[in-house]
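Participant: Take a look at entry.cif, mmCIF, C-alpha atoms:
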data_run
loop_
_atom_site.group_PDB
_atom_site.id
_atom_site.type_symbol
_atom_site.label_atom_id
_atom_site.label_comp_id
_atom_site.auth_asym_id
_atom_site.auth_seq_id
_atom_site.Cartn_x
_atom_site.Cartn_y
_atom_site.Cartn_z
ATOM 1 C CA MET J 1 -79.043 225.008 22.340
ATOM 2 C CA VAL J 2 -76.305 222.355 22.674
ATOM 3 C CA ASN J 3 -78.393 219.257 21.879
ATOM 4 C CA ASP J 4 -80.433 220.838 19.092
ATOM 5 C CA GLY J 5 -80.339 218.515 16.095
ATOM 6 C CA PHE J 6 -78.143 215.955 17.902
ATOM 7 C CA LYS J 7 -80.364 214.741 20.731
ATOM 8 C CA PRO J 8 -84.095 215.087 21.458
ATOM 9 C CA VAL J 9 -84.779 218.277 23.440
ATOM 10 C CA PHE J 10 -87.602 218.010 25.969
ATOM 11 C CA VAL J 11 -89.051 220.089 28.781
ATOM 12 C CA GLY J 12 -91.648 219.396 31.441
ATOM 13 C CA VAL J 13 -95.220 220.326 30.526
ATOM 14 C CA TYR J 14 -95.659 221.520 34.113
ATOM 15 C CA ALA J 15 -93.227 223.194 36.500
ATOM 16 C CA LYS J 16 -91.620 221.088 39.230
ATOM 17 C CA ASP J 17 -93.443 223.085 41.912
ATOM 18 C CA LEU J 18 -96.700 221.639 40.521
ATOM 19 C CA ILE J 19 -98.303 224.821 39.291
ATOM 20 C CA ILE J 20 -101.010 223.634 36.906
ATOM 21 C CA ASP J 21 -101.566 226.198 34.158
ATOM 22 C CA LYS J 22 -102.627 224.241 31.067
ATOM 23 C CA LEU J 23 -104.182 221.174 29.522
ATOM 24 C CA TYR J 24 -101.860 219.222 27.236
ATOM 25 C CA ILE J 25 -103.206 217.386 24.188
ATOM 26 C CA ASP J 26 -101.136 215.145 21.911
ATOM 27 C CA ILE J 27 -102.647 214.389 18.487
ATOM 28 C CA ASP J 28 -100.823 211.657 16.563
ATOM 29 C CA GLY J 29 -101.399 209.624 13.415
ATOM 30 C CA GLY J 30 -99.011 211.416 11.092
ATOM 31 C CA ILE J 31 -99.122 215.080 10.112
ATOM 32 C CA ALA J 32 -101.280 214.614 6.997
ATOM 33 C CA LYS J 33 -103.951 212.493 8.705
ATOM 34 C CA SER J 34 -104.034 214.434 11.976
ATOM 35 C CA LEU J 35 -104.129 217.908 10.372
ATOM 36 C CA PRO J 36 -107.901 218.031 9.658
ATOM 37 C CA ILE J 37 -108.631 216.598 13.125
ATOM 38 C CA THR J 38 -106.440 219.241 14.740
ATOM 39 C CA GLN J 39 -107.951 222.038 12.624
ATOM 40 C CA LYS J 40 -111.482 221.072 13.628
ATOM 41 C CA PHE J 41 -110.528 220.914 17.294
ATOM 42 C CA VAL J 42 -108.681 224.239 17.151
ATOM 43 C CA ASN J 43 -111.734 225.877 15.555
ATOM 44 C CA TYR J 44 -113.925 224.432 18.320
ATOM 45 C CA LEU J 45 -111.613 225.723 21.067
ATOM 46 C CA LYS J 46 -111.523 229.188 19.516
ATOM 47 C CA GLU J 47 -115.316 229.327 19.321
ATOM 48 C CA LYS J 48 -115.507 228.347 23.000
ATOM 49 C CA GLY J 49 -113.093 231.145 23.923
ATOM 50 C CA TYR J 50 -110.131 229.087 25.112
ATOM 51 C CA THR J 51 -106.581 230.434 25.068
ATOM 52 C CA ILE J 52 -104.516 227.952 23.066
ATOM 53 C CA ILE J 53 -101.073 227.392 21.578
ATOM 54 C CA ILE J 54 -100.625 225.068 18.588
ATOM 55 C CA VAL J 55 -97.386 223.209 17.844
ATOM 56 C CA CYS J 56 -96.501 220.721 15.110
ATOM 57 C CA THR J 57 -94.170 218.037 16.478
ATOM 58 C CA GLY J 58 -92.304 217.748 13.168
ATOM 59 C CA ILE J 59 -93.177 214.119 12.392
ATOM 60 C CA LYS J 60 -96.170 212.475 14.029
ATOM 61 C CA GLY J 61 -98.713 215.225 14.604
ATOM 62 C CA PHE J 62 -99.577 218.193 16.794
ATOM 63 C CA HIS J 63 -99.611 219.398 20.383
ATOM 64 C CA ILE J 64 -102.272 221.759 21.686
ATOM 65 C CA TYR J 65 -101.790 223.633 24.941
ATOM 66 C CA ILE J 66 -104.993 225.008 26.487
ATOM 67 C CA GLU J 67 -104.071 227.657 29.025
ATOM 68 C CA ILE J 68 -106.050 227.766 32.273
ATOM 69 C CA LYS J 69 -105.892 229.966 35.356
ATOM 70 C CA PRO J 70 -102.805 228.718 37.279
ATOM 71 C CA PHE J 71 -103.173 226.948 40.601
ATOM 72 C CA ARG J 72 -100.747 225.109 42.841
ATOM 73 C CA VAL J 73 -101.229 221.466 43.788
ATOM 74 C CA LYS J 74 -100.376 220.345 47.308
ATOM 75 C CA LEU J 75 -97.960 217.416 47.425
ATOM 76 C CA VAL J 76 -100.504 215.129 49.027
ATOM 77 C CA LYS J 77 -101.049 211.804 47.277
ATOM 78 C CA LYS J 78 -104.860 211.969 47.258
ATOM 79 C CA THR J 79 -104.788 215.570 46.021
ATOM 80 C CA VAL J 80 -102.329 214.793 43.225
ATOM 81 C CA ILE J 81 -104.396 211.795 42.086
ATOM 82 C CA PHE J 82 -107.568 213.904 42.132
ATOM 83 C CA ILE J 83 -105.985 216.663 40.019
ATOM 84 C CA LYS J 84 -104.583 214.136 37.521
ATOM 85 C CA ASN J 85 -108.048 212.638 37.113
ATOM 86 C CA GLN J 86 -109.635 216.077 36.744
ATOM 87 C CA LEU J 87 -107.143 217.162 34.079
ATOM 88 C CA LYS J 88 -107.799 213.983 32.118
ATOM 89 C CA LEU J 89 -111.584 214.161 32.544
ATOM 90 C CA ARG J 90 -111.811 217.816 31.442
ATOM 91 C CA THR J 91 -109.539 217.148 28.445
ATOM 92 C CA LEU J 92 -111.587 214.148 27.344
ATOM 93 C CA SER J 93 -114.787 216.151 27.807
ATOM 94 C CA LEU J 94 -113.570 218.878 25.438
ATOM 95 C CA ILE J 95 -112.646 216.330 22.781
ATOM 96 C CA TYR J 96 -115.944 214.486 23.134
ATOM 97 C CA ASP J 97 -117.945 217.725 23.013
ATOM 98 C CA CYS J 98 -116.205 218.621 19.749
ATOM 99 C CA PHE J 99 -116.299 215.255 17.950
ATOM 100 C CA GLY J 100 -119.001 213.245 19.729
ATOM 101 C CA ILE J 101 -116.408 210.524 20.370
ATOM 102 C CA VAL J 102 -112.771 210.217 21.486
ATOM 103 C CA ASP J 103 -110.781 208.596 18.694
ATOM 104 C CA THR J 104 -107.668 207.085 20.308
ATOM 105 C CA ASN J 105 -106.190 206.540 16.881
ATOM 106 C CA PHE J 106 -105.435 210.272 17.003
ATOM 107 C CA PHE J 107 -105.807 211.471 20.602
ATOM 108 C CA ASP J 108 -103.221 210.007 22.984
ATOM 109 C CA THR J 109 -105.198 209.488 26.193
ATOM 110 C CA HIS J 110 -102.104 208.192 27.987
ATOM 111 C CA VAL J 111 -100.604 211.692 28.286
ATOM 112 C CA MET J 112 -103.778 213.374 29.561
ATOM 113 C CA GLY J 113 -103.453 214.352 33.209
ATOM 114 C CA ASP J 114 -99.801 213.274 33.362
ATOM 115 C CA ILE J 115 -98.253 216.023 35.464
ATOM 116 C CA ASP J 116 -94.775 214.511 34.958
ATOM 117 C CA ARG J 117 -95.104 214.594 31.166
ATOM 118 C CA LEU J 118 -92.218 215.794 29.007
ATOM 119 C CA THR J 119 -92.819 217.499 25.688
ATOM 120 C CA ARG J 120 -90.648 218.557 22.771
ATOM 121 C CA VAL J 121 -89.308 222.100 22.903
ATOM 122 C CA PRO J 122 -90.669 224.141 19.967
ATOM 123 C CA GLU J 123 -88.136 225.483 17.467
ATOM 124 C CA THR J 124 -85.745 222.567 18.090
ATOM 125 C CA LEU J 125 -84.454 220.409 15.254
ATOM 126 C CA ARG J 126 -85.439 216.742 15.443
ATOM 127 C CA PRO J 127 -82.448 214.352 15.305
ATOM 128 C CA ASP J 128 -84.654 211.340 14.483
ATOM 129 C CA ASN J 129 -85.752 212.554 11.070
ATOM 130 C CA ASP J 130 -83.722 212.477 7.861
ATOM 131 C CA ASN J 131 -85.873 215.312 6.470
ATOM 132 C CA LYS J 132 -84.438 217.724 9.078
ATOM 133 C CA THR J 133 -87.726 219.071 10.392
ATOM 134 C CA TYR J 134 -88.369 221.141 13.490
ATOM 135 C CA CYS J 135 -90.896 220.985 16.242
ATOM 136 C CA ALA J 136 -92.547 224.297 15.336
ATOM 137 C CA PHE J 137 -95.219 226.766 16.388
ATOM 138 C CA MET J 138 -98.271 227.057 14.151
ATOM 139 C CA PRO J 139 -100.081 230.333 13.317
ATOM 140 C CA TYR J 140 -103.109 231.048 15.485
ATOM 141 C CA ALA J 141 -105.164 233.175 13.105
ATOM 142 C CA SER J 142 -104.842 231.113 9.935
ATOM 143 C CA PHE J 143 -104.272 227.579 11.221
ATOM 144 C CA GLU J 144 -107.640 226.212 10.042
ATOM 145 C CA ASP J 145 -106.865 227.372 6.491
ATOM 146 C CA LEU J 146 -103.440 225.773 6.209
ATOM 147 C CA HIS J 147 -102.760 223.053 3.638
ATOM 148 C CA ILE J 148 -100.411 220.156 4.358
ATOM 149 C CA SER J 149 -97.780 221.824 2.158
ATOM 150 C CA ASP J 150 -97.936 224.900 4.419
ATOM 151 C CA ILE J 151 -97.271 222.726 7.459
ATOM 152 C CA TYR J 152 -94.205 221.154 5.858
ATOM 153 C CA THR J 153 -92.887 224.612 4.987
ATOM 154 C CA LEU J 154 -93.283 225.738 8.613
ATOM 155 C CA ILE J 155 -91.547 222.702 10.115
ATOM 156 C CA LYS J 156 -88.627 223.192 7.740
ATOM 157 C CA ASN J 157 -88.386 226.924 8.479
ATOM 158 C CA PRO J 158 -89.913 227.733 11.894
ATOM 159 C CA VAL J 159 -91.588 231.107 12.434
ATOM 160 C CA ARG J 160 -92.829 232.770 15.618
ATOM 161 C CA PHE J 161 -96.425 233.968 15.582
ATOM 162 C CA ASN J 162 -98.474 236.368 17.639
ATOM 163 C CA TYR J 163 -101.148 234.774 19.806
ATOM 164 C CA PRO J 164 -104.066 236.697 21.329
ATOM 165 C CA THR J 165 -104.229 237.037 25.090
ATOM 166 C CA LEU J 166 -107.652 235.927 26.280
ATOM 167 C CA LYS J 167 -109.064 235.641 29.759
ATOM 168 C CA GLU J 168 -107.940 232.296 31.133
ATOM 169 C CA LYS J 169 -110.655 229.915 32.240
ATOM 170 C CA LYS J 170 -110.475 227.977 35.489
ATOM 171 C CA LEU J 171 -110.148 224.210 35.271
ATOM 172 C CA THR J 172 -113.577 223.964 36.873
ATOM 173 C CA ASP J 173 -115.042 226.167 34.111
ATOM 174 C CA ILE J 174 -114.538 223.332 31.611
ATOM 175 C CA PRO J 175 -117.784 221.328 31.428
ATOM 176 C CA VAL J 176 -117.643 217.620 32.258
ATOM 177 C CA VAL J 177 -119.263 215.026 30.013
ATOM 178 C CA GLU J 178 -120.547 212.181 32.176
ATOM 179 C CA LYS J 179 -120.469 209.362 29.599
ATOM 180 C CA ILE J 180 -117.689 209.499 27.027
ATOM 181 C CA LYS J 181 -117.530 207.081 24.094
ATOM 182 C CA PHE J 182 -114.184 205.942 22.746
ATOM 183 C CA HIS J 183 -113.217 204.758 19.284
ATOM 184 C CA ILE J 184 -110.162 202.531 19.658
ATOM 185 C CA ILE J 185 -108.089 201.423 16.674
ATOM 186 C CA GLU J 186 -104.689 199.766 16.770
ATOM 187 C CA ARG J 187 -102.025 202.107 15.433
ATOM 188 C CA PRO J 188 -100.258 201.193 12.169
ATOM 189 C CA PRO J 189 -97.516 198.612 12.731
ATOM 190 C CA ILE J 190 -94.412 200.768 12.227
ATOM 191 C CA THR J 191 -94.023 204.227 10.795
ATOM 192 C CA GLN J 192 -91.429 204.765 8.099
ATOM 193 C CA SER J 193 -89.427 207.023 10.399
ATOM 194 C CA MET J 194 -89.000 204.204 12.914
ATOM 195 C CA GLU J 195 -87.629 201.621 10.492
ATOM 196 C CA ASN J 196 -84.155 203.126 10.568
ATOM 197 C CA LEU J 197 -83.935 203.554 14.340
ATOM 198 C CA ASP J 198 -81.044 201.749 16.011
ATOM 199 C CA ASN J 199 -79.288 201.586 19.364
ATOM 200 C CA ASN J 200 -78.022 205.151 18.971
ATOM 201 C CA ILE J 201 -81.586 206.407 19.297
ATOM 202 C CA LEU J 202 -82.172 204.338 22.433
ATOM 203 C CA LYS J 203 -78.877 205.548 23.866
ATOM 204 C CA ASN J 204 -79.956 209.171 23.473
ATOM 205 C CA ILE J 205 -83.408 208.634 24.976
ATOM 206 C CA ILE J 206 -83.151 206.381 28.011
ATOM 207 C CA ARG J 207 -80.883 206.560 31.041
ATOM 208 C CA PRO J 208 -77.354 205.092 30.675
ATOM 209 C CA CYS J 209 -77.918 202.380 33.275
ATOM 210 C CA LEU J 210 -81.034 201.129 31.493
ATOM 211 C CA PHE J 211 -79.451 201.310 28.062
ATOM 212 C CA ARG J 212 -76.472 199.273 29.212
ATOM 213 C CA HIS J 213 -78.610 196.608 30.862
ATOM 214 C CA LEU J 214 -80.950 196.339 27.874
ATOM 215 C CA ASN J 215 -78.020 195.489 25.625
ATOM 216 C CA VAL J 216 -77.434 192.027 27.042
ATOM 217 C CA PRO J 217 -78.796 188.692 25.768
ATOM 218 C CA GLU J 218 -81.427 188.428 28.525
ATOM 219 C CA PRO J 219 -82.174 191.688 30.426
ATOM 220 C CA LEU J 220 -83.694 191.676 33.900
ATOM 221 C CA HIS J 221 -87.467 192.081 34.022
ATOM 222 C CA THR J 222 -87.041 195.271 36.097
ATOM 223 C CA VAL J 223 -84.799 196.779 33.421
ATOM 224 C CA ARG J 224 -87.345 196.062 30.686
ATOM 225 C CA VAL J 225 -90.204 197.540 32.695
ATOM 226 C CA ALA J 226 -88.267 200.667 33.717
ATOM 227 C CA ALA J 227 -87.079 201.316 30.157
ATOM 228 C CA THR J 228 -90.574 200.784 28.775
ATOM 229 C CA VAL J 229 -92.084 203.262 31.243
ATOM 230 C CA ASP J 230 -89.630 205.911 30.044
ATOM 231 C CA LEU J 231 -90.105 205.122 26.347
ATOM 232 C CA LEU J 232 -93.900 205.306 26.585
ATOM 233 C CA ARG J 233 -93.508 209.027 27.186
ATOM 234 C CA PHE J 234 -92.375 209.476 23.595
ATOM 235 C CA TYR J 235 -93.291 206.434 21.510
ATOM 236 C CA SER J 236 -96.219 204.170 20.724
ATOM 237 C CA ILE J 237 -96.316 200.482 21.636
ATOM 238 C CA GLU J 238 -95.456 199.390 18.094
ATOM 239 C CA GLU J 239 -92.539 201.814 17.900
ATOM 240 C CA ILE J 240 -91.099 200.463 21.166
ATOM 241 C CA ILE J 241 -91.451 196.913 19.853
ATOM 242 C CA SER J 242 -89.544 198.002 16.753
ATOM 243 C CA LEU J 243 -86.717 199.290 18.941
ATOM 244 C CA TYR J 244 -86.609 196.216 21.171
ATOM 245 C CA SER J 245 -86.689 193.822 18.217
ATOM 246 C CA LYS J 246 -83.210 194.981 17.210
ATOM 247 C CA LEU J 247 -81.571 194.187 20.563
ATOM 248 C CA ASN J 248 -81.111 190.457 19.855
ATOM 249 C CA TRP J 249 -82.593 189.173 23.121
ATOM 250 C CA VAL J 250 -82.398 185.383 23.365
ATOM 251 C CA ASP J 251 -85.954 185.224 24.738
ATOM 252 C CA TRP J 252 -87.446 187.693 22.233
ATOM 253 C CA ASP J 253 -91.179 187.142 21.698
ATOM 254 C CA GLU J 254 -93.000 189.945 19.876
ATOM 255 C CA ASP J 255 -96.526 189.016 20.970
ATOM 256 C CA LEU J 256 -95.533 188.590 24.615
ATOM 257 C CA THR J 257 -93.610 191.874 24.550
ATOM 258 C CA ARG J 258 -96.642 193.661 23.101
ATOM 259 C CA ARG J 259 -98.858 192.338 25.912
ATOM 260 C CA TYR J 260 -96.327 193.407 28.558
ATOM 261 C CA ILE J 261 -95.957 196.914 27.115
ATOM 262 C CA ASP J 262 -99.726 197.305 26.819
ATOM 263 C CA GLY J 263 -100.098 196.280 30.467
ATOM 264 C CA ILE J 264 -97.434 198.770 31.572
ATOM 265 C CA LYS J 265 -99.125 201.547 29.594
ATOM 266 C CA ASN J 266 -102.519 200.829 31.141
ATOM 267 C CA LYS J 267 -101.063 200.919 34.665
ATOM 268 C CA ASN J 268 -99.598 204.399 33.999
ATOM 269 C CA PHE J 269 -96.414 203.840 36.039
ATOM 270 C CA ASN J 270 -94.186 206.721 37.097
ATOM 271 C CA SER J 271 -90.538 206.579 35.996
ATOM 272 C CA TYR J 272 -88.345 204.441 38.239
ATOM 273 C CA SER J 273 -86.071 206.451 40.521
ATOM 274 C CA CYS J 274 -82.344 205.724 40.665
ATOM 275 C CA SER J 275 -82.733 204.386 44.213
ATOM 276 C CA LYS J 276 -85.447 202.001 43.008
ATOM 277 C CA LEU J 277 -83.178 200.737 40.214
ATOM 278 C CA ARG J 278 -80.281 200.235 42.652
ATOM 279 C CA SER J 279 -82.542 198.292 45.000
ATOM 280 C CA ASP J 280 -83.303 195.975 42.083
ATOM 281 C CA ASN J 281 -79.629 195.165 41.471
ATOM 282 C CA ILE J 282 -78.889 197.864 38.901
ATOM 283 C CA PRO J 283 -75.373 199.008 39.923
ATOM 284 C CA ARG J 284 -75.068 202.617 41.072
ATOM 285 C CA ARG J 285 -72.208 203.182 38.590
ATOM 286 C CA CYS J 286 -74.583 202.818 35.653
ATOM 287 C CA CYS J 287 -76.889 205.442 37.109
ATOM 288 C CA VAL J 288 -74.188 208.075 37.311
ATOM 289 C CA ASP J 289 -72.011 207.311 34.266
#
Please re-express this file's structure in structure tokens.
Facilitator:
Amino acid sequence: MVNDGFKPVFVGVYAKDLIIDKLYIDIDGGIAKSLPITQKFVNYLKEKGYTIIIVCTGIKGFHIYIEIKPFRVKLVKKTVIFIKNQLKLRTLSLIYDCFGIVDTNFFDTHVMGDIDRLTRVPETLRPDNDNKTYCAFMPYASFEDLHISDIYTLIKNPVRFNYPTLKEKKLTDIPVVEKIKFHIIERPPITQSMENLDNNILKNIIRPCLFRHLNVPEPLHTVRVAATVDLLRFYSIEEIISLYSKLNWVDWDEDLTRRYIDGIKNKNFNSYSCSKLRSDNIPRRCCVD
């Protein structure tokens, strides 16, 4: 793989033809803190008979893929919105049924139901980590018994594991919890891994036109919004603030930026298209360079 170890390697959670075949769960908070949460949830899913795949991201936590019976979504706006809401509702219901609450300090609710979501490709080396760790598959049979030291061994030396093939459940087979309680805690300010990030990281993540227009003393509002929408796919609010703080904007205001990013996250925007960026005075050359 050409970019392996040099650039982040991502793939769509769902196929472009909108065949829905899984629920996607992102558990953050750091590997050590999120491990017991993930182990409890994995044990719950096994007991309920779900077909799952477990992946450690290599730095921040774990991804769980819950396989469901595939179905195709018609490209009708109301249908797409309905399916997004159903995917999110069923995912939240599973978490709540397991823990009695949805702790957003670990479970990223922003990614639930996002049919345009990108995810790290397992068995790829992370370029944003000095420890040279991989996004790696975890063992199905023994995952609940693993110690943190076992996890670090696996993300340094990835191994492929056998997973059982179970009968896939339909999305509608997943029970819905009517009233779900949330436990919301602000994430830690900045993780150690983010402190050394610089413009090279931004350059490898966001589109060239956005990167170029962010690196000016006072970027256009459209540029900031479009870049933030893309970055929210991979990073927390505090991590994005850490990146932006190093760009030397003349109007830099950390508190205001935090409020703007939080508002963008809550609105769940789709990524800006190139035509949209051009219509907002982003030159076409930047979009194709």
Participant: Which residue out of J:Ser273, J:Thr133, J:Ser34, J:Asn43 has the minimum interatomic distance to J:Ile59 when all atoms listed in the file are used?
Facilitator: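 Selected residue with least distance to J:Ile59: J:Thr133.
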Participant: For J:Val121, work out the shell of residues within 8 Å, counting only C-alpha atoms and skipping chain neighbours fewer than 4 positions away, then give it as a short mmCIF file (atom, residue, chain, number, x, y, z; two decimals) with C-alpha atoms, in the frame of the given file.
Facilitator:
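As written to disk, selection21.cif reads:
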data_model
loop_
_atom_site.label_atom_id
_atom_site.label_comp_id
_atom_site.auth_asym_id
_atom_site.auth_seq_id
_atom_site.Cartn_x
_atom_site.Cartn_y
_atom_site.Cartn_z
CA VAL J 9 -84.78 218.28 23.44
CA PHE J 10 -87.60 218.01 25.97
CA VAL J 11 -89.05 220.09 28.78
CA CYS J 135 -90.90 220.98 16.24
#
Participant: Could you tell me how far atom CA of J:Thr38 sits from atom CA of J:Ile264, in Å to one decimal place?
Facilitator: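 Value for the atom CA of J:Ile264-atom CA of J:Thr38 distance: 28.0 Å.
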Participant: Just how far from atom CA of J:Lys69 is atom CA of J:Ile174, in Å to one decimal?
Facilitator: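 Answer for the atom CA of J:Ile174 to atom CA of J:Lys69 separation: 11.5 Å.
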Participant: May I have the residues at most 7 Å from (-99.1, 195.6, 23.2) in the file's coordinates, counting only C-alpha atoms, as a list in words?
Facilitator: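 The answer, in the requested form, is Ile237, Thr257, Arg258, Arg259, Tyr260, Ile261 and Asp262 of chain J.
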Participant: What does the distance between atom CA of J:Ile241 and atom CA of J:Arg117 come to in Å, to one decimal place?
Facilitator: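 Atom CA of J:Arg117 lies 21.3 Å from atom CA of J:Ile241.
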Participant: With N, CA and C atoms as the goal, would you fill in the gaps in stretch 54-73 of chain J and present it as a PDB file, keeping the file's coordinate frame?
Facilitator:
ATOM      1  N   ILE J  54    -100.651 226.215  19.494  1.00  0.00           N
ATOM      2  CA  ILE J  54    -100.625 225.068  18.588  1.00  0.00           C
ATOM      3  C   ILE J  54     -99.186 224.825  18.135  1.00  0.00           C
ATOM      4  N   VAL J  55     -98.751 223.576  18.233  1.00  0.00           N
ATOM      5  CA  VAL J  55     -97.386 223.209  17.844  1.00  0.00           C
ATOM      6  C   VAL J  55     -97.437 221.949  16.978  1.00  0.00           C
ATOM      7  N   CYS J  56     -96.681 221.940  15.894  1.00  0.00           N
ATOM      8  CA  CYS J  56     -96.501 220.721  15.110  1.00  0.00           C
ATOM      9  C   CYS J  56     -95.232 220.037  15.605  1.00  0.00           C
ATOM     10  N   THR J  57     -95.313 218.736  15.893  1.00  0.00           N
ATOM     11  CA  THR J  57     -94.170 218.037  16.478  1.00  0.00           C
ATOM     12  C   THR J  57     -93.042 217.820  15.479  1.00  0.00           C
ATOM     13  N   GLY J  58     -93.340 217.921  14.181  1.00  0.00           N
ATOM     14  CA  GLY J  58     -92.304 217.748  13.168  1.00  0.00           C
ATOM     15  C   GLY J  58     -92.350 216.423  12.458  1.00  0.00           C
ATOM     16  N   ILE J  59     -93.065 215.432  13.038  1.00  0.00           N
ATOM     17  CA  ILE J  59     -93.177 214.119  12.392  1.00  0.00           C
ATOM     18  C   ILE J  59     -94.575 213.527  12.546  1.00  0.00           C
ATOM     19  N   LYS J  60     -94.986 213.301  13.799  1.00  0.00           N
ATOM     20  CA  LYS J  60     -96.170 212.475  14.029  1.00  0.00           C
ATOM     21  C   LYS J  60     -97.472 213.234  14.120  1.00  0.00           C
ATOM     22  N   GLY J  61     -97.445 214.535  14.436  1.00  0.00           N
ATOM     23  CA  GLY J  61     -98.713 215.225  14.604  1.00  0.00           C
ATOM     24  C   GLY J  61     -98.577 216.582  15.259  1.00  0.00           C
ATOM     25  N   PHE J  62     -99.478 216.859  16.214  1.00  0.00           N
ATOM     26  CA  PHE J  62     -99.577 218.193  16.794  1.00  0.00           C
ATOM     27  C   PHE J  62     -99.764 218.120  18.309  1.00  0.00           C
ATOM     28  N   HIS J  63     -99.324 219.182  18.973  1.00  0.00           N
ATOM     29  CA  HIS J  63     -99.611 219.398  20.383  1.00  0.00           C
ATOM     30  C   HIS J  63    -100.472 220.646  20.507  1.00  0.00           C
ATOM     31  N   ILE J  64    -101.469 220.579  21.368  1.00  0.00           N
ATOM     32  CA  ILE J  64    -102.272 221.759  21.686  1.00  0.00           C
ATOM     33  C   ILE J  64    -102.176 222.007  23.183  1.00  0.00           C
ATOM     34  N   TYR J  65    -101.842 223.231  23.543  1.00  0.00           N
ATOM     35  CA  TYR J  65    -101.790 223.633  24.941  1.00  0.00           C
ATOM     36  C   TYR J  65    -102.976 224.562  25.200  1.00  0.00           C
ATOM     37  N   ILE J  66    -103.848 224.179  26.107  1.00  0.00           N
ATOM     38  CA  ILE J  66    -104.993 225.008  26.487  1.00  0.00           C
ATOM     39  C   ILE J  66    -104.664 225.663  27.825  1.00  0.00           C
ATOM     40  N   GLU J  67    -104.472 226.955  27.811  1.00  0.00           N
ATOM     41  CA  GLU J  67    -104.071 227.657  29.025  1.00  0.00           C
ATOM     42  C   GLU J  67    -105.266 227.809  29.969  1.00  0.00           C
ATOM     43  N   ILE J  68    -105.023 227.577  31.256  1.00  0.00           N
ATOM     44  CA  ILE J  68    -106.050 227.766  32.273  1.00  0.00           C
ATOM     45  C   ILE J  68    -105.478 228.635  33.392  1.00  0.00           C
ATOM     46  N   LYS J  69    -106.345 229.126  34.244  1.00  0.00           N
ATOM     47  CA  LYS J  69    -105.892 229.966  35.356  1.00  0.00           C
ATOM     48  C   LYS J  69    -105.002 229.122  36.268  1.00  0.00           C
ATOM     49  N   PRO J  70    -103.752 229.548  36.520  1.00  0.00           N
ATOM     50  CA  PRO J  70    -102.805 228.718  37.279  1.00  0.00           C
ATOM     51  C   PRO J  70    -103.260 228.469  38.714  1.00  0.00           C
ATOM     52  N   PHE J  71    -102.956 227.266  39.193  1.00  0.00           N
ATOM     53  CA  PHE J  71    -103.173 226.948  40.601  1.00  0.00           C
ATOM     54  C   PHE J  71    -102.118 225.947  41.033  1.00  0.00           C
ATOM     55  N   ARG J  72    -101.791 225.980  42.305  1.00  0.00           N
ATOM     56  CA  ARG J  72    -100.747 225.109  42.841  1.00  0.00           C
ATOM     57  C   ARG J  72    -101.381 223.871  43.473  1.00  0.00           C
ATOM     58  N   VAL J  73    -100.749 222.729  43.239  1.00  0.00           N
ATOM     59  CA  VAL J  73    -101.229 221.466  43.788  1.00  0.00           C
ATOM     60  C   VAL J  73    -100.406 221.098  45.015  1.00  0.00           C
TER      61      VAL J  73
END
